[in-house]
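Enquirer: Input structure: final-v2.cif, which contains mmCIF, C-alpha atoms, pLDDT in the B column; chains and numbers go by the auth columns.
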```
data_work
loop_
_atom_site.group_PDB
_atom_site.id
_atom_site.type_symbol
_atom_site.label_atom_id
_atom_site.label_comp_id
_atom_site.label_asym_id
_atom_site.label_seq_id
_atom_site.Cartn_x
_atom_site.Cartn_y
_atom_site.Cartn_z
_atom_site.B_iso_or_equiv
_atom_site.auth_seq_id
_atom_site.auth_asym_id
ATOM 1 C CA GLY A 1 105.702 80.933 59.449 71.00 13 A
ATOM 2 C CA LYS A 2 107.152 81.684 62.876 77.00 14 A
ATOM 3 C CA ALA A 3 107.859 85.135 64.273 76.00 15 A
ATOM 4 C CA ALA A 4 111.426 86.261 63.783 86.00 16 A
ATOM 5 C CA VAL A 5 113.558 86.921 66.839 89.00 17 A
ATOM 6 C CA LYS A 6 114.173 90.643 67.186 92.00 18 A
ATOM 7 C CA GLN A 7 115.717 90.924 70.636 94.00 19 A
ATOM 8 C CA ILE A 8 118.329 88.966 72.555 95.00 20 A
ATOM 9 C CA GLN A 9 118.356 89.433 76.311 96.00 21 A
ATOM 10 C CA ILE A 10 121.228 88.516 78.601 97.00 22 A
ATOM 11 C CA ASP A 11 120.445 87.854 82.260 96.00 23 A
ATOM 12 C CA CYS A 12 123.391 88.628 84.524 95.00 24 A
ATOM 13 C CA ASP A 13 123.482 90.131 88.004 93.00 25 A
ATOM 14 C CA TRP A 14 126.923 91.601 87.500 93.00 26 A
ATOM 15 C CA THR A 15 129.135 92.760 90.347 93.00 27 A
ATOM 16 C CA ASP A 16 132.090 95.145 90.646 91.00 28 A
ATOM 17 C CA ARG A 17 134.348 92.158 89.992 93.00 29 A
ATOM 18 C CA THR A 18 132.481 90.784 86.951 96.00 30 A
ATOM 19 C CA LYS A 19 131.317 94.068 85.408 96.00 31 A
ATOM 20 C CA SER A 20 134.270 94.540 83.059 96.00 32 A
ATOM 21 C CA ASN A 21 134.051 91.062 81.540 97.00 33 A
ATOM 22 C CA PHE A 22 130.257 91.225 81.237 98.00 34 A
ATOM 23 C CA PHE A 23 130.281 94.616 79.526 98.00 35 A
ATOM 24 C CA GLU A 24 132.983 93.443 77.090 98.00 36 A
ATOM 25 C CA PHE A 25 130.833 90.432 76.261 98.00 37 A
ATOM 26 C CA LEU A 26 127.842 92.710 75.560 98.00 38 A
ATOM 27 C CA LYS A 27 129.943 94.897 73.234 97.00 39 A
ATOM 28 C CA PHE A 28 131.105 91.792 71.378 97.00 40 A
ATOM 29 C CA LEU A 29 127.526 90.517 71.094 96.00 41 A
ATOM 30 C CA LYS A 30 126.307 93.817 69.620 95.00 42 A
ATOM 31 C CA LYS A 31 129.141 93.781 67.093 96.00 43 A
ATOM 32 C CA GLU A 32 128.587 90.164 66.055 95.00 44 A
ATOM 33 C CA MET A 33 124.779 90.354 65.872 93.00 45 A
ATOM 34 C CA PRO A 34 123.851 93.546 64.007 92.00 46 A
ATOM 35 C CA GLY A 35 120.160 94.045 63.420 90.00 47 A
ATOM 36 C CA TYR A 36 119.150 92.617 66.802 95.00 48 A
ATOM 37 C CA VAL A 37 118.105 94.590 69.852 96.00 49 A
ATOM 38 C CA ILE A 38 120.507 93.591 72.623 97.00 50 A
ATOM 39 C CA SER A 39 119.133 93.919 76.137 97.00 51 A
ATOM 40 C CA SER A 40 120.160 92.941 79.634 97.00 52 A
ATOM 41 C CA THR A 41 118.491 92.559 82.991 97.00 53 A
ATOM 42 C CA LEU A 42 118.913 95.284 85.588 97.00 54 A
ATOM 43 C CA ARG A 43 118.634 95.207 89.375 96.00 55 A
ATOM 44 C CA LEU A 44 117.350 97.996 91.583 97.00 56 A
ATOM 45 C CA HIS A 45 120.739 98.705 93.151 96.00 57 A
ATOM 46 C CA GLN A 46 122.204 99.111 89.661 96.00 58 A
ATOM 47 C CA VAL A 47 119.753 101.964 89.110 96.00 59 A
ATOM 48 C CA LYS A 48 120.427 103.770 92.369 95.00 60 A
ATOM 49 C CA PHE A 49 124.202 103.329 92.217 95.00 61 A
ATOM 50 C CA LYS A 50 124.699 103.459 88.453 95.00 62 A
ATOM 51 C CA GLU A 51 127.827 105.622 88.779 94.00 63 A
ATOM 52 C CA ARG A 52 129.532 102.744 90.606 93.00 64 A
ATOM 53 C CA THR A 53 127.881 99.726 88.998 94.00 65 A
ATOM 54 C CA GLY A 54 127.993 101.158 85.487 95.00 66 A
ATOM 55 C CA VAL A 55 125.458 101.285 82.662 97.00 67 A
ATOM 56 C CA PRO A 56 125.566 98.225 80.386 97.00 68 A
ATOM 57 C CA PRO A 57 126.399 98.825 76.707 97.00 69 A
ATOM 58 C CA VAL A 58 123.045 97.580 75.390 98.00 70 A
ATOM 59 C CA ASP A 59 120.042 99.002 73.548 97.00 71 A
ATOM 60 C CA ARG A 60 117.647 98.612 76.474 96.00 72 A
ATOM 61 C CA VAL A 61 117.294 96.955 79.874 97.00 73 A
ATOM 62 C CA VAL A 62 114.628 95.129 81.885 97.00 74 A
ATOM 63 C CA LEU A 63 114.330 96.250 85.493 97.00 75 A
ATOM 64 C CA MET A 64 113.644 93.218 87.684 96.00 76 A
ATOM 65 C CA VAL A 65 111.513 94.487 90.577 97.00 77 A
ATOM 66 C CA TYR A 66 111.373 91.352 92.692 96.00 78 A
ATOM 67 C CA ASN A 67 113.515 89.204 95.012 94.00 79 A
ATOM 68 C CA VAL A 68 114.449 92.352 96.901 94.00 80 A
ATOM 69 C CA GLY A 69 114.781 90.730 100.329 93.00 81 A
ATOM 70 C CA ASP A 70 117.347 88.428 101.908 94.00 82 A
ATOM 71 C CA LEU A 71 116.283 84.889 101.051 93.00 83 A
ATOM 72 C CA GLY A 72 118.807 83.376 103.438 94.00 84 A
ATOM 73 C CA ASP A 73 117.565 85.322 106.471 95.00 85 A
ATOM 74 C CA VAL A 74 115.152 83.262 108.546 93.00 86 A
ATOM 75 C CA GLU A 75 113.785 86.529 109.989 92.00 87 A
ATOM 76 C CA GLU A 76 112.856 87.929 106.558 94.00 88 A
ATOM 77 C CA VAL A 77 109.138 88.564 106.044 93.00 89 A
ATOM 78 C CA ASN A 78 108.870 88.329 102.246 96.00 90 A
ATOM 79 C CA SER A 79 111.947 88.183 100.035 96.00 91 A
ATOM 80 C CA ILE A 80 109.925 88.299 96.793 96.00 92 A
ATOM 81 C CA ILE A 81 108.226 91.659 97.224 96.00 93 A
ATOM 82 C CA SER A 82 108.769 94.512 99.661 95.00 94 A
ATOM 83 C CA ASN A 83 107.485 97.857 98.501 96.00 95 A
ATOM 84 C CA GLU A 84 109.166 99.536 101.453 96.00 96 A
ATOM 85 C CA VAL A 85 112.566 98.273 100.312 95.00 97 A
ATOM 86 C CA THR A 86 111.882 98.953 96.630 97.00 98 A
ATOM 87 C CA ALA A 87 110.932 102.576 97.339 96.00 99 A
ATOM 88 C CA GLN A 88 114.480 103.212 98.590 96.00 100 A
ATOM 89 C CA TYR A 89 115.930 102.521 95.124 96.00 101 A
ATOM 90 C CA LEU A 90 113.595 104.423 92.787 96.00 102 A
ATOM 91 C CA GLU A 91 114.733 108.012 93.256 94.00 103 A
ATOM 92 C CA GLN A 92 116.894 108.045 90.112 92.00 104 A
ATOM 93 C CA LEU A 93 114.788 105.772 87.930 95.00 105 A
ATOM 94 C CA GLU A 94 113.449 108.615 85.758 95.00 106 A
ATOM 95 C CA ASP A 95 117.011 109.642 84.929 94.00 107 A
ATOM 96 C CA TYR A 96 118.279 106.220 83.910 96.00 108 A
ATOM 97 C CA PRO A 97 120.105 106.732 80.593 96.00 109 A
ATOM 98 C CA LEU A 98 118.705 103.683 78.760 96.00 110 A
ATOM 99 C CA PRO A 99 115.148 102.801 77.734 96.00 111 A
ATOM 100 C CA TYR A 100 113.778 100.115 80.018 96.00 112 A
ATOM 101 C CA ASP A 101 110.923 97.727 80.570 96.00 113 A
ATOM 102 C CA VAL A 102 109.766 96.545 83.993 97.00 114 A
ATOM 103 C CA ALA A 103 109.375 92.970 85.271 96.00 115 A
ATOM 104 C CA LEU A 104 106.978 92.492 88.199 96.00 116 A
ATOM 105 C CA PRO A 105 106.632 89.316 90.321 95.00 117 A
ATOM 106 C CA LEU A 106 103.761 86.917 89.799 94.00 118 A
ATOM 107 C CA PHE A 107 104.885 83.861 91.706 93.00 119 A
ATOM 108 C CA GLU A 108 104.999 82.347 95.166 93.00 120 A
ATOM 109 C CA TRP A 109 107.034 79.734 97.005 94.00 121 A
ATOM 110 C CA GLY A 110 107.840 78.247 100.363 94.00 122 A
ATOM 111 C CA VAL A 111 111.270 79.011 101.806 96.00 123 A
ATOM 112 C CA LEU A 112 112.571 76.079 103.831 96.00 124 A
ATOM 113 C CA TYR A 113 114.963 76.469 106.765 97.00 125 A
ATOM 114 C CA ARG A 114 116.666 73.891 108.958 96.00 126 A
ATOM 115 C CA ASP A 115 118.276 75.032 112.193 95.00 127 A
ATOM 116 C CA GLY A 116 117.939 78.621 110.979 94.00 128 A
ATOM 117 C CA LYS A 117 119.744 77.991 107.674 96.00 129 A
ATOM 118 C CA LEU A 118 118.247 78.076 104.181 96.00 130 A
ATOM 119 C CA LYS A 119 117.722 74.574 102.768 95.00 131 A
ATOM 120 C CA GLY A 120 115.717 75.221 99.623 93.00 132 A
ATOM 121 C CA LEU A 121 112.516 76.370 97.963 94.00 133 A
ATOM 122 C CA LEU A 122 109.213 74.530 97.735 93.00 134 A
ATOM 123 C CA ARG A 123 107.142 75.426 94.682 89.00 135 A
ATOM 124 C CA ASP A 124 103.540 74.641 93.796 86.00 136 A
ATOM 125 C CA LEU A 125 102.500 74.303 97.430 87.00 137 A
ATOM 126 C CA THR A 126 98.792 73.546 97.589 85.00 138 A
ATOM 127 C CA PRO A 127 96.785 74.007 100.799 85.00 139 A
ATOM 128 C CA SER A 128 96.473 70.224 101.154 88.00 140 A
ATOM 129 C CA LEU A 129 100.247 69.705 100.883 87.00 141 A
ATOM 130 C CA LEU A 130 100.850 72.474 103.381 89.00 142 A
ATOM 131 C CA GLU A 131 98.355 71.142 105.904 89.00 143 A
ATOM 132 C CA ALA A 132 99.623 67.570 105.569 91.00 144 A
ATOM 133 C CA ALA A 133 103.228 68.396 106.438 92.00 145 A
ATOM 134 C CA PHE A 134 103.225 71.637 108.438 94.00 146 A
ATOM 135 C CA ALA A 135 101.458 73.411 111.293 95.00 147 A
ATOM 136 C CA LYS A 136 100.993 77.182 111.510 93.00 148 A
ATOM 137 C CA VAL A 137 103.003 79.024 114.135 92.00 149 A
ATOM 138 C CA GLU A 138 102.521 82.501 115.569 89.00 150 A
ATOM 139 C CA LYS A 139 105.035 84.225 113.294 88.00 151 A
ATOM 140 C CA GLU A 140 103.496 85.707 110.144 86.00 152 A
ATOM 141 C CA ASN A 141 103.323 83.328 107.155 91.00 153 A
ATOM 142 C CA THR A 142 105.471 80.763 108.987 95.00 154 A
ATOM 143 C CA TYR A 143 104.920 77.038 109.500 96.00 155 A
ATOM 144 C CA LYS A 144 106.774 74.177 111.209 96.00 156 A
ATOM 145 C CA ALA A 145 107.066 70.618 109.890 96.00 157 A
ATOM 146 C CA THR A 146 105.135 68.166 112.052 95.00 158 A
ATOM 147 C CA SER A 147 106.887 64.997 110.844 93.00 159 A
ATOM 148 C CA ASP A 148 109.503 63.655 108.444 94.00 160 A
ATOM 149 C CA SER A 149 107.979 63.565 104.969 92.00 161 A
ATOM 150 C CA TYR A 150 108.398 64.311 101.278 92.00 162 A
ATOM 151 C CA VAL A 151 106.845 67.458 99.804 91.00 163 A
ATOM 152 C CA ASN A 152 107.043 67.795 96.018 86.00 164 A
ATOM 153 C CA GLY A 153 110.083 65.534 95.952 87.00 165 A
ATOM 154 C CA ILE A 154 111.968 67.332 98.732 90.00 166 A
ATOM 155 C CA PHE A 155 112.576 65.590 102.046 93.00 167 A
ATOM 156 C CA ILE A 156 111.343 67.557 105.034 95.00 168 A
ATOM 157 C CA TYR A 157 112.556 66.905 108.568 96.00 169 A
ATOM 158 C CA LYS A 158 110.300 67.298 111.572 96.00 170 A
ATOM 159 C CA GLY A 159 110.956 70.758 113.042 96.00 171 A
ATOM 160 C CA ASP A 160 111.961 72.410 109.763 96.00 172 A
ATOM 161 C CA ASP A 161 110.632 75.940 109.349 96.00 173 A
ATOM 162 C CA LEU A 162 108.758 77.125 106.268 96.00 174 A
ATOM 163 C CA ARG A 163 107.974 80.724 105.306 96.00 175 A
ATOM 164 C CA LEU A 164 105.230 81.010 102.713 94.00 176 A
ATOM 165 C CA GLU A 165 105.931 83.963 100.413 95.00 177 A
ATOM 166 C CA THR A 166 103.378 85.227 97.918 93.00 178 A
ATOM 167 C CA VAL A 167 102.328 88.381 96.058 94.00 179 A
ATOM 168 C CA SER A 168 98.958 89.911 96.881 94.00 180 A
ATOM 169 C CA LYS A 169 96.886 91.922 94.426 93.00 181 A
ATOM 170 C CA GLU A 170 97.123 94.965 96.702 95.00 182 A
ATOM 171 C CA LYS A 171 100.925 94.804 96.954 95.00 183 A
ATOM 172 C CA LEU A 172 101.317 94.251 93.215 95.00 184 A
ATOM 173 C CA GLN A 173 99.040 97.190 92.393 95.00 185 A
ATOM 174 C CA GLU A 174 100.961 99.389 94.824 96.00 186 A
ATOM 175 C CA LEU A 175 104.283 98.304 93.328 97.00 187 A
ATOM 176 C CA ALA A 176 103.115 98.974 89.762 95.00 188 A
ATOM 177 C CA SER A 177 101.951 102.458 90.774 95.00 189 A
ATOM 178 C CA MET A 178 105.250 103.192 92.530 96.00 190 A
ATOM 179 C CA ILE A 179 107.251 102.282 89.430 96.00 191 A
ATOM 180 C CA LYS A 180 105.072 104.374 87.139 94.00 192 A
ATOM 181 C CA GLU A 181 105.299 107.412 89.420 95.00 193 A
ATOM 182 C CA ALA A 182 109.075 107.079 89.778 95.00 194 A
ATOM 183 C CA SER A 183 109.485 106.706 86.000 95.00 195 A
ATOM 184 C CA GLY A 184 107.944 110.114 85.337 92.00 196 A
ATOM 185 C CA SER A 185 108.569 111.089 81.745 88.00 197 A
ATOM 186 C CA ASN A 186 110.090 107.640 81.101 83.00 198 A
ATOM 187 C CA SER A 187 106.826 105.833 81.817 81.00 199 A
ATOM 188 C CA ASP A 188 106.478 104.506 78.256 89.00 200 A
ATOM 189 C CA TYR A 189 107.656 100.996 79.116 94.00 201 A
ATOM 190 C CA GLU A 190 106.319 97.498 78.757 94.00 202 A
ATOM 191 C CA THR A 191 105.319 95.563 81.868 95.00 203 A
ATOM 192 C CA ILE A 192 106.422 91.952 82.139 94.00 204 A
ATOM 193 C CA PHE A 193 104.947 89.593 84.724 93.00 205 A
ATOM 194 C CA TYR A 194 107.518 87.048 85.819 91.00 206 A
ATOM 195 C CA HIS A 195 106.278 83.678 87.036 88.00 207 A
ATOM 196 C CA ILE A 196 107.816 80.235 87.542 77.00 208 A
ATOM 197 C CA ASN A 197 104.994 77.798 86.865 70.00 209 A
ATOM 198 C CA SER A 198 103.162 79.143 89.872 69.00 210 A
ATOM 199 C CA PRO A 199 99.428 78.544 90.509 77.00 211 A
ATOM 200 C CA LEU A 200 99.306 82.145 91.729 82.00 212 A
ATOM 201 C CA THR A 201 98.707 83.302 88.147 82.00 213 A
ATOM 202 C CA SER A 202 95.225 81.772 88.198 83.00 214 A
ATOM 203 C CA LYS A 203 94.214 84.149 91.012 85.00 215 A
ATOM 204 C CA PHE A 204 94.662 87.205 88.784 87.00 216 A
ATOM 205 C CA SER A 205 92.293 88.063 85.964 88.00 217 A
ATOM 206 C CA PHE A 206 93.443 89.417 82.621 88.00 218 A
ATOM 207 C CA ASP A 207 91.780 92.747 83.382 90.00 219 A
ATOM 208 C CA GLU A 208 93.607 93.018 86.714 89.00 220 A
ATOM 209 C CA LEU A 209 96.987 92.372 85.146 89.00 221 A
ATOM 210 C CA SER A 210 96.187 94.826 82.356 90.00 222 A
ATOM 211 C CA SER A 211 95.355 97.506 84.917 87.00 223 A
ATOM 212 C CA PHE A 212 98.672 96.931 86.706 86.00 224 A
ATOM 213 C CA ALA A 213 100.508 97.395 83.417 83.00 225 A
ATOM 214 C CA LYS A 214 99.025 100.833 82.725 68.00 226 A
#
```
Any chance you could give the structure as structure tokens?

Expert:
Amino acid sequence: GKAAVKQIQIDCDWTDRTKSNFFEFLKFLKKEMPGYVISSTLRLHQVKFKERTGVPPVDRVVLMVYNVGDLGDVEEVNSIISNEVTAQYLEQLEDYPLPYDVALPLFEWGVLYRDGKLKGLLRDLTPSLLEAAFAKVEKENTYKATSDSYVNGIFIYKGDDLRLETVSKEKLQELASMIKEASGSNSDYETIFYHINSPLTSKFSFDELSSFAK
């Protein structure tokens, strides 16, 4: 009485070095699993530079339009979503030779740094947890730990820096519109909202998410 699996998706951010092995694996998977739609994830740079990165031998792809910034850079503003960065990679989206769906971000996290180096991610940060362990500093969306403590099971040292990254309704709407415009005649795609058990999802209504998907 359960729905039958129709599609198998492989998530791999392949590189010039791993491309050959990954593509051979996809060919093998298609051969060994006839009757299934075989798909793979796709990054923005693999759209813009498809001549170099190659087009995976699959039936369709899912374009992952998030995590576009440098997570390890303490000077980054928001590594999850940057419409300014994304816009630089969409010029050839309409001409991509495979049918695609689009995955948009619907999550937030705190990026923890110690002495300017990335130490980890803090998820499910509530206002009370944030206020108990950190104090706001002048830099946008940035906080500094006020004492040694545990936050969601992660030990925080006094003086650690935290950048709170989230996705606003305005930025998500703008991103969805950018993708649709860049897709042109290929705009018949499904929209997927990617989240990682984030309370951010409760801030969006069903109607809002439906409007972003149009």

Enquirer: Counting only C-alpha atoms, which residues have an atom no more than 12 Å from (114.7, 91.2, 70.2) in the file's coordinates? Please list them as a ChimeraX atom specification.

Expert: /A:15-22,42,45-52,70-73

Enquirer: Could you check the closest approach to His207 in chain A for each of A:Arg126, A:Arg29, A:Arg135, A:Lys39 and tell me which residue wins, using all atoms listed in the file?

Expert: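 Among the listed residues, A:Arg135 lies closest to His207 in chain A.
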
Enquirer: Take the PyMOL selection byres ((chain A and resi 77-91) around 6), apply it to the structure above, and return the hits as a compact mmCIF listing (two decimals) with C-alpha atoms, keeping the file's coordinate frame.

Expert:
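Final file, expr-v1.txt:
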```txt
# COMPACT_ATOMS: atom_id res chain seq x y z
CA MET A 76 113.64 93.22 87.68
CA ILE A 92 109.92 88.30 96.79
CA ILE A 93 108.23 91.66 97.22
CA ALA A 115 109.38 92.97 85.27
CA LEU A 116 106.98 92.49 88.20
CA PRO A 117 106.63 89.32 90.32
CA GLY A 128 117.94 78.62 110.98
CA LEU A 130 118.25 78.08 104.18
CA GLU A 177 105.93 83.96 100.41
```

Enquirer: Written as an NGL selection string, what is the full residue list that the PyMOL selection byres ((chain A and resi 31) around 12) yields on the file shown?

Expert: :A and (24-30 or 32-38 or 58 or 62 or 64-69)

Enquirer: Please determine, counting all atoms listed in the file, which residue among A:Asn153, A:Tyr108, A:Ile166, A:Gln185 has the shortest atom-to-atom distance to Val59 in chain A.

Expert: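 The closest residue to Val59 in chain A is A:Tyr108.
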
Enquirer: Which residues, written as a VMD selection string, have at least one atom at most 9 Å from Ile191 in chain A, with all atoms listed in the file counted and residues fewer than 2 positions away on the same chain left out?

Expert: chain A and resid 77 99 102 105 114 186 to 189 193 to 196 199

Enquirer: For Thr98 in chain A, which residue out of A:Leu41, A:Leu133, A:Leu141, A:Leu56 is the nearest one, using all atoms listed in the file?

Expert: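 Checking each candidate against Thr98 in chain A, we get A:Leu56 as the closest.
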
Enquirer: Once 5 Å is added on each side, what are the centre and the three edge lengths, in Å to one decimal, of the axis-aligned box enclosing the listed atoms of range 187-195 of chain A? Present them as lines of an AutoDock Vina configuration file.

Expert:
```
center_x = 105.7
center_y = 102.9
center_z = 89.7
size_x = 17.5
size_y = 19.1
size_z = 17.3
```

Enquirer: Of the residues A:Thr154, A:Ser94, A:Ser140, A:Asn198, which is the one nearest to Asp107 in chain A, using only C-alpha atoms?

Expert: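 Checking each candidate against Asp107 in chain A, we get A:Asn198 as the closest.
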